[in-house]
Amino acid sequence: MKQKIKEVVYYLYCLIVILLSAVGLIIYKLGYWVLDKWGLLSMDEIVFHLKVPLEGTSTDMIVEGINSCVPMACLVFLFMIVLAIGMRKKKLNAYLCLFLISGLCVNAGLQSLNRVYIELEIEDYLLRQNEESTFIQDNYVDPRSVQITFPEQKRNLIYIFLESMETTYMSSDEGGAFEENCIPELTALAKENTSFSNAALLGGASSISGTTWTMAGLFAQTSGLPLKVSAEGDEINATLGNNDFFSLTAYNIQDILHENGYKQCFLLGSDATFGGRRAYFDSHGECEIWDYLTAKEEGKIPEDYYVWWGYEDEKLFSYAQEKLLELSASEQPFNLTLLTVDTHFEDGYVCELCQNEFGDNQYANVMACSSRQVQAFIEWIRQQEFYENTTIVLCGDHLTMDSDFCTELDVDDYQRTVYNAFLNLPDELEVSYERTHNRKFTTMDMFPTTVSALGATIEGNKLALGTSLFSTEQTIIEEYGLEYVNQELKRNSIFYDLLLNDIDY
């Protein structure tokens with residue numbers, strides 16, 4: 001009887017330490033994979049995505065995450081089982097060996113967690129949650145209380161969010177940081193049209209706290225606000241998971257255009273549910289959503305078609321042409337918003353149009369391909385009848401989160417910025433070098449700047465936290481400084497929570 005009890009205790013011990021070892025190794029490998037692939041993420045983004053639907057996440061990333069941590073854990077798991085069985089007659093040695101292996105694995109897991117804790121600045125994030133700021137409240141200009149006057153003949157809007165597009169990818173003589181220009185066509189579009197810059201050469205917008213991932217970038221550029229949630233509570237609406245609504249009180253450009261009779265569509269090549277995008281665009285201005293799921297429903301792609309995040313940008317621009325012809329056939333002015341995806345990290349998606357200008361540098365090849373596709377799409381638009389009365393805005397959604405594309409740049413004091421270009425502006429809009437260059441601004445300023453680009457006048461030239469860059473008014477970071485604004489936006493704001501939760505402040 002005692003022998004059986006000893007056997008049970010031994011195998012129970014073996015099971016516990018083997019499981020601990022496997023978990024420790026999984027945490028160790030997963031932690032380093034997260035930092036390698038996702039180390040440029042902010043805690044705001046991580047917390048946000050824990051609270052919104054993850055449907056539509058790229059399966060490639062999920063598979064890569066599993067492959068990074070499971071195989072080694074399985075090997076150690078099997079090795080320890082064999083060791084436990086083989087040494088069952090020498091239980092003391094087995095106890096010690098398994099304990100040491102387990103201790104090493106658990107310690108490795110803890111070390112990995114500690115590194116993640118430090119590099120993602122989790123402590124700083126938690127501290128900021130307990131600090132109250134009135135900065136947003138003090139500087140917020142409610143778009144509903146501002147007089148916005150559109151011209152009698154309203155201009156159409158085509159707004160293209162370019163995934164992870166930076167001016168950094170240009171050559172240094174153009175204002176970028178690379179020896180060779182990865183995006184020559186986009187560079188030409190910025191030079192030949194209107195592009196706002198933080199420098200004397202081509203530059204762009206600062207990606208500030210709460211605007212550094214795709215949904216946050218979309219939110220910032222359409223509402224003039226950062227996207228921020230706290231680790232505690234549920235500042236994202238409880239119904240967001242059911243795709244019902246998302247921050248109705250944060251009045252945005254879709255609301256403004258809807259009030260002025262615009263027909264609107266948001267077109268993207270992934271599942272719009274991911275990250276709350278469907279909920280957000282469904283909540284504002286009666287905006288049609290045409291995404292990966294729509295493409296399948298309408299028979300544009302086979303039911304089992306899936307690449308990257310859904311379908312590639314080559315198809316996106318093709319469907320956008322069809323949608324533009326449909327929208328322009330109506331007497332209503334229209335707003336077509338696009339979101340590209342091929343240039344998403346890590347390393348982007350190599351489509352059939354991609355070339356090999358940059359050898360083994362896949363991400364540079366994908367960026368170059370995206371630049372050519374955007375140029376071709378713009379050229380097609382210019383040949384259409386509706387172009388004469390259409391403003392086109394090109395803007396990156398945020399800085400790239402690719403783990404190594406910009407990390408080895410040998411450039412001192414270079415500030416990476418988000419790309420922008422405004423095409424076919426109304427004749428009466430005043431544009432000068434002084435207003436477009438050496439400006440300090442964020443992607444939140446795109447909200448009122450885009451409204452101005454349609455020929456509308458904005459009382460005071462400010463909406464939400466954004467300032468129209470076509471005006472002489474100071475932006476919030478020209479007035480307060482980038483570092484100060486960043487710190488204030490990281491702090492808790494009761495006023496902001498009311499806005500996000502649709503409570504009448």
# chains A, B, ... in the order shown; residues from 1 in each chain; ligands from 1
$ residues_around --residues "range 283-299 of chain A" --least-positions-apart "2" --cutoff "8 Å" --atoms "only C-alpha atoms" --output "MDAnalysis selection string"
chainID A and resid 244:248 251:252 254:259 263:272 278:281 301:303 310:311
$ select_by_dssp --residues "range 289-392 of chain A" --states "strand (DSSP E or B)" --output "list in words"
Ile289, Trp290, Val307, Gly310, Phe334, Asn335, Leu336, Thr337, Leu338, Leu339, Thr390, Thr391 and Ile392 of chain A
$ closest_atom_pairs --of "range 354-407 of chain A" --to "range 154-157 of chain A" --cutoff "8 Å" --atoms "only C-alpha atoms" --output "JSON lines"
{"residue": "A:Asn389", "atom": "CA", "partner": "A:Arg155", "partner_atom": "CA", "distance": 5.2}
{"residue": "A:Thr390", "atom": "CA", "partner": "A:Asn156", "partner_atom": "CA", "distance": 4.4}
{"residue": "A:Thr391", "atom": "CA", "partner": "A:Leu157", "partner_atom": "CA", "distance": 5.1}
{"residue": "A:Ile392", "atom": "CA", "partner": "A:Leu157", "partner_atom": "CA", "distance": 5.9}
{"residue": "A:Val393", "atom": "CA", "partner": "A:Leu157", "partner_atom": "CA", "distance": 7.7}
$ closest_residue --among "A:Asp304, A:Leu113, A:Leu489, A:Asp313" --to "Leu25 in chain A" --atoms "only C-alpha atoms"
A:Leu113
$ closest_residue --among "A:Leu336, A:Ile136, A:Cys97, A:Val141" --to "Val485 in chain A" --atoms "only C-alpha atoms"
A:Ile136
$ closest_residue --among "A:Ala250, A:Lys323, A:Asn114, A:Ile18" --to "Thr337 in chain A" --atoms "only C-alpha atoms"
A:Lys323
$ atom_distance --atom1 "CA of Asp173 in chain A" --atom2 "CA of Ala188 in chain A"
13.1 Å
$ closest_residue --among "A:Cys182, A:Leu189, A:Leu409, A:Val146" --to "Ala464 in chain A" --atoms "only C-alpha atoms"
A:Val146
$ residues_around --residues "Cys351 in chain A" --least-positions-apart "6" --cutoff "12 Å" --atoms "only C-alpha atoms" --output "VMD selection string"
chain A and resid 307 to 308 311 to 315 341 to 343 362 to 363 365 to 370 373
$ atom_distance --atom1 "CA of Gln129 in chain A" --atom2 "CA of Thr212 in chain A"
18.3 Å
$ select_by_dssp --residues "range 251-492 of chain A" --states "helix (DSSP H, G or I)" --output "NGL selection string"
:A and (253-259 or 274-282 or 292-297 or 313-328 or 362-382 or 385-389 or 433-436 or 443-453 or 459-461 or 476-480 or 482-490)
$ atom_distance --atom1 "CA of Glu163 in chain A" --atom2 "CA of His398 in chain A"
7.3 Å
$ closest_residue --among "A:Lys228, A:Tyr414, A:Phe386, A:Tyr262" --to "Arg128 in chain A" --atoms "only C-alpha atoms"
A:Lys228
$ closest_residue --among "A:Met215, A:Leu201, A:Leu78, A:Ala190" --to "Ala177 in chain A" --atoms "only C-alpha atoms"
A:Leu201
